[in-house]
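A.B. asks: Okay, here's the structure, questions in a sec.
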Amino acid sequence: MGKIGVYGGSFNPIHLGHLRAAEEVARQFQLDRVLLIPTNIAPHKDKDGYEVTAQQRLDMVQLAVSDHPQLEACDLELKREGKSYTVDTLTQLKAMFPEDELYLMMGTDMFLSLHNWYRPDEICRLASIICAGRDGTEARKLQEQAENLRSSLNAEVFLADNRVLQMSSTMVRRMVFFDCAQAYLPGKVYDYIRRNRLYHAGANLRYLGFEELKRLSLSLHKPSRVAHVIGCCETAQKLAACWGENVALAARAGILHDVTKALDAAEQLRLCEKYGIILDDFVIEHHKLLHSKTAAAVAEHIFGENQTVVNAIYWHTTGRAKMTTMEKILYIADYAEPNRSFDGVEKIRCHLYEDLDRALYTGFSMSLEELQREGKAFDKHSYDAWRYLKEERNFE
């Protein structure tokens with residue numbers, strides 16, 4: 001009697017986090033092998049949402065496991081038409097390996113929703129459940145879910161020690177787009193992606209028309225940020241028309257200003273290294289400011305934007321003394337676009353189309369006052385911008 005791990009997923013693409021998790025679970029539970037099974041069509045996803053074919057995802061899994069004897073690629077779900085329900089896969093595997101024990105492996109999100117899956121009772125009858133959590137912050141939730149599954153579905157549940165790499169396929173796709181994904185992918189998979197130009201790897205994206213630029217930019221954001229980006233873009237266009245700036249360039253700056261915002265600090269720093277961005281200690285310490293620097297680099301090196309757009313993006317989080325009109329427009333559009341709802345935003349909006357400098361000065365003043373109240377340091381460029389406007393325009 002053998003012990004078989006069953007690890008399903010889109011694997012779009014498979015990455016080192018998947019491999020480390022599979023190997024770690026196999027070690028902890030003494031599994032004889034682990035089957036990595038790409039879904040054909042996930043029940044919760046539209047097939048058209050995949051940027052690559054099912055065969056390409058299987059190819060990448062096969063390449064990824066080629067140097068890992070304990071791991072095997074399995075095309076069971078790709079051979080089966082329709083949506084890929086886990087219960088159907090386990091039923092097939094049980095028929096293929098009647099003497100073996102099946103261990104269904106999954107991450108935190110899937111584990112916490114298992115009771116809502118199609119025929120969860122049958123899933124738990126066919127296989128033991130192993131959850132490999134992302135980190136220790138959800139330990140109580142995982143324990144509670146384990147107890148719920150044991151009592152309600154008679155499930156055999158195990159929680160694996162978390163020693164896996166923290167990454168997701170969504171993040172890896174973004175890093176492929178930004179040409180910084182080597183550290184996240186097996187070498188053979190990275191080469192396959194580049195060779196087949198998957199996820200826009202190696203594509204010429206310079207000088208795109210605005211609608212295509214907008215589509216690509218928004219695809220790189222978390223869904224929760226899309227409304228803000230569109231709001232900033234539209235506000236920047238209106239301000240450019242009001243203040244005699246190039247409306248088309250304002251639109252491009254607005255749609256790209258947060259294009260790297262979804263990346264965490266470590267990923268931001270990889271982009272800084274890739275594009276030779278020199279950072280001061282303050283920006284390194286306050287990593288939320290990094291995205292303006294990396295977004296500017298992406299705008300220049302990937303999308304081929306001109307310096308008017310690049311500079312506006314670079315300074316849109318901190319500002320600086322003697323800002324150009326386009327830099328002012330993007331900074332304040334980001335600050336006061338219609339989706340912003342903080343106290344005092346209307347004070348800024350009332351000046352946008354009457355006195356751009358007054359709107360800008362009000363925004364800087366509010367930010368600096370808030371940081372002072374909270375005892376936080378502020379960027380010297382923001383202070384310089386505030387002081388310059390105060391002295392140049394004699395603002396009080």
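Every chain in the structure tokens has a letter given in the order shown (A, B, ...), and although residue numbers restart at 1 in each chain, ligands are simply numbered from 1 in the order shown.
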Would you pick out the contacts of Ala266 of chain A at 10 Å or less, using only C-alpha atoms, so that residues sharing its chain but fewer than 5 positions from it are not included, and give the list as a PDB file with C-alpha atoms, in the first residue's frame?
C.D. replies:
ATOM      1  CA  LEU A 271      12.651  45.779  -9.968  1.00  0.00           C
ATOM      2  CA  CYS A 272      14.898  48.498  -8.549  1.00  0.00           C
ATOM      3  CA  HIS A 287       8.629  50.814   1.002  1.00  0.00           C
TER       4      HIS A 287
END
A.B. asks: Give one line per residue of segment 136-217 of chain A that approaches segment 28-34 of chain A to at most 10 Å, naming the two atoms of the closest pair and their distance in Å to one decimal, counting only C-alpha atoms; sort by chain then ascending residue number and deliver it as a Markdown table.
C.D. replies:
| residue | atom | partner | partner_atom | distance |
| --- | --- | --- | --- | --- |
| A:Phe158 | CA | A:Phe29 | CA | 9.3 |
| A:Ala160 | CA | A:Gln28 | CA | 7.4 |
| A:Asp161 | CA | A:Gln28 | CA | 8.2 |
A.B. asks: Tell me, as a VMD selection string, which residues lie within 10 Å of Leu93 of chain A, counting only C-alpha atoms; anything in the same chain fewer than 5 positions away does not count.
C.D. replies: chain A and resid 4 6 76 87 to 88 98 100 102 126
A.B. asks: What are the DSSP helix (DSSP H, G or I) residues of segment 30-270 of chain A, as a PyMOL selection string?
C.D. replies: chain A and resi 47-49+54-65+86-96+108-112+114-116+120-126+136-153+169-177+182-184+187-196+198-200+210-219+223-242+247-256+265-270
A.B. asks: Store the residues of this selection in a file with C-alpha atoms, as a short mmCIF file (atom, residue, chain, number, x, y, z; two decimals), in the first residue's frame.
C.D. replies:
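Below is the file selection32.cif, written as the result:
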data_model
loop_
_atom_site.label_atom_id
_atom_site.label_comp_id
_atom_site.auth_asym_id
_atom_site.auth_seq_id
_atom_site.Cartn_x
_atom_site.Cartn_y
_atom_site.Cartn_z
CA LYS A 47 -11.69 29.07 -19.24
CA ASP A 48 -11.15 32.24 -21.26
CA GLY A 49 -9.42 33.75 -18.22
CA ALA A 54 -4.02 23.82 -20.91
CA GLN A 55 -1.32 21.96 -22.83
CA GLN A 56 1.18 24.73 -22.16
CA ARG A 57 0.42 24.61 -18.44
CA LEU A 58 0.93 20.83 -18.51
CA ASP A 59 4.19 21.29 -20.43
CA MET A 60 5.45 23.65 -17.72
CA VAL A 61 4.50 21.20 -14.95
CA GLN A 62 6.32 18.40 -16.77
CA LEU A 63 9.42 20.55 -17.11
CA ALA A 64 9.23 21.66 -13.48
CA VAL A 65 9.09 18.12 -12.04
CA THR A 86 -11.93 17.43 -7.38
CA VAL A 87 -14.36 14.66 -6.47
CA ASP A 88 -14.24 13.33 -10.06
CA THR A 89 -10.44 13.36 -10.05
CA LEU A 90 -10.22 11.53 -6.75
CA THR A 91 -12.77 8.97 -7.93
CA GLN A 92 -10.65 8.24 -10.99
CA LEU A 93 -7.46 8.04 -8.96
CA LYS A 94 -9.06 5.67 -6.46
CA ALA A 95 -10.07 3.40 -9.35
CA MET A 96 -6.54 3.53 -10.76
CA THR A 108 -5.12 28.04 3.05
CA ASP A 109 -7.82 29.64 0.87
CA MET A 110 -8.97 26.34 -0.60
CA PHE A 111 -8.92 24.64 2.80
CA LEU A 112 -11.07 27.30 4.44
CA LEU A 114 -13.60 23.14 1.35
CA HIS A 115 -17.02 22.65 2.94
CA ASN A 116 -18.53 24.68 0.07
CA PRO A 120 -17.19 17.70 -0.01
CA ASP A 121 -18.37 14.63 1.91
CA GLU A 122 -17.31 12.38 -0.94
CA ILE A 123 -13.97 14.19 -1.25
CA CYS A 124 -13.26 13.53 2.43
CA ARG A 125 -14.28 9.88 2.05
CA LEU A 126 -11.86 9.36 -0.82
CA GLY A 136 1.30 31.49 10.98
CA THR A 137 -1.21 34.35 11.11
CA GLU A 138 -4.21 32.13 10.34
CA ALA A 139 -3.35 29.24 12.67
CA ARG A 140 -6.54 29.60 14.72
CA LYS A 141 -8.75 29.71 11.62
CA LEU A 142 -7.07 26.61 10.24
CA GLN A 143 -7.48 24.71 13.50
CA GLU A 144 -11.16 25.66 13.68
CA GLN A 145 -11.75 24.59 10.09
CA ALA A 146 -9.96 21.31 10.71
CA GLU A 147 -12.25 20.58 13.66
CA ASN A 148 -15.34 21.56 11.63
CA LEU A 149 -14.37 19.21 8.81
CA ARG A 150 -13.65 16.37 11.21
CA SER A 151 -16.99 16.72 12.96
CA SER A 152 -19.26 17.55 9.99
CA LEU A 153 -17.67 15.45 7.24
CA SER A 169 1.05 32.44 -9.66
CA THR A 170 -0.60 35.85 -10.03
CA MET A 171 2.47 37.52 -8.56
CA VAL A 172 4.80 35.43 -10.72
CA ARG A 173 2.88 36.43 -13.86
CA ARG A 174 3.36 40.08 -12.91
CA MET A 175 7.08 39.52 -12.39
CA VAL A 176 7.33 37.77 -15.77
CA PHE A 177 5.70 40.84 -17.33
CA GLN A 182 13.97 34.28 -12.73
CA ALA A 183 14.11 33.89 -8.94
CA TYR A 184 10.56 32.52 -8.78
CA GLY A 187 15.02 27.40 -14.97
CA LYS A 188 13.36 25.12 -17.54
CA VAL A 189 9.98 26.74 -16.94
CA TYR A 190 11.42 30.24 -17.23
CA ASP A 191 13.08 29.31 -20.54
CA TYR A 192 9.81 27.80 -21.81
CA ILE A 193 7.89 30.96 -20.93
CA ARG A 194 10.42 33.16 -22.69
CA ARG A 195 10.63 30.87 -25.72
CA ASN A 196 6.85 30.79 -26.13
CA LEU A 198 3.82 33.59 -22.46
CA TYR A 199 2.47 36.30 -20.14
CA HIS A 200 3.91 38.92 -22.56
CA PHE A 210 -4.05 54.00 -25.21
CA GLU A 211 -6.80 51.36 -25.06
CA GLU A 212 -4.30 48.49 -25.21
CA LEU A 213 -2.07 50.26 -22.70
CA LYS A 214 -5.06 50.64 -20.39
CA ARG A 215 -6.04 46.98 -20.75
CA LEU A 216 -2.55 45.73 -19.91
CA SER A 217 -2.06 48.18 -17.06
CA LEU A 218 -5.34 47.28 -15.36
CA SER A 219 -4.60 43.55 -15.72
CA PRO A 223 -9.10 44.26 -8.53
CA SER A 224 -9.56 46.59 -5.56
CA ARG A 225 -7.24 49.18 -7.15
CA VAL A 226 -8.80 49.36 -10.60
CA ALA A 227 -11.41 52.01 -9.78
CA HIS A 228 -8.74 54.28 -8.29
CA VAL A 229 -6.47 53.97 -11.33
CA ILE A 230 -9.31 54.78 -13.72
CA GLY A 231 -10.39 57.69 -11.49
CA CYS A 232 -6.87 59.08 -11.40
CA CYS A 233 -6.50 58.74 -15.16
CA GLU A 234 -9.77 60.51 -15.91
CA THR A 235 -9.06 63.29 -13.41
CA ALA A 236 -5.59 63.81 -14.89
CA GLN A 237 -7.11 64.21 -18.34
CA LYS A 238 -9.60 66.82 -17.12
CA LEU A 239 -6.88 68.73 -15.31
CA ALA A 240 -4.60 68.62 -18.35
CA ALA A 241 -7.36 70.08 -20.51
CA CYS A 242 -7.95 72.81 -17.92
CA VAL A 247 -4.35 65.37 -22.45
CA ALA A 248 -3.11 62.17 -24.11
CA LEU A 249 0.10 62.18 -22.07
CA ALA A 250 -1.85 62.87 -18.89
CA ALA A 251 -4.03 59.85 -19.64
CA ARG A 252 -0.98 57.62 -20.14
CA ALA A 253 0.63 58.85 -16.93
CA GLY A 254 -2.60 58.30 -15.04
CA ILE A 255 -3.19 54.77 -16.28
CA LEU A 256 0.42 53.73 -15.52
CA ALA A 265 8.57 45.33 -0.89
CA ALA A 266 10.86 42.45 -1.88
CA GLU A 267 9.45 42.39 -5.40
CA GLN A 268 9.75 46.18 -5.66
CA LEU A 269 13.41 45.95 -4.72
CA ARG A 270 13.98 43.31 -7.41
#
A.B. asks: Set the distance at 9 Å and use only C-alpha atoms: which residues neighbour Ile41 of chain A once local chain neighbours fewer than 5 positions away are removed? I'd like the list as a PyMOL selection string.
C.D. replies: chain A and resi 10+46-47+54+77-78+81-85
A.B. asks: Taking the chain letters and numbering used in this document, name the residues of segment 36-279 of chain A that DSSP puts in strand (DSSP E or B), as a list in words.
C.D. replies: Leu36, Ile37, Pro38, Leu71, Glu72, Ala73, Glu101, Leu102, Tyr103, Leu104, Met105, Met106, Ser128, Ile129, Ile130, Cys131, Ala132, Val157, Phe158, Leu159 and Ala160 of chain A
A.B. asks: Using only C-alpha atoms, which residue out of A:Glu396, A:Ala385, A:Pro13, A:Glu72 lies closest to Met167 of chain A?
C.D. replies: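 Distance minimum relative to Met167 of chain A lands on A:Pro13.
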A.B. asks: Calculate how many Å separate atom CA of Arg349 of chain A from atom CA of Ala297 of chain A, rounding to one decimal.
C.D. replies: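 According to the coordinates, atom CA of Arg349 of chain A and atom CA of Ala297 of chain A are separated by 29.6 Å.
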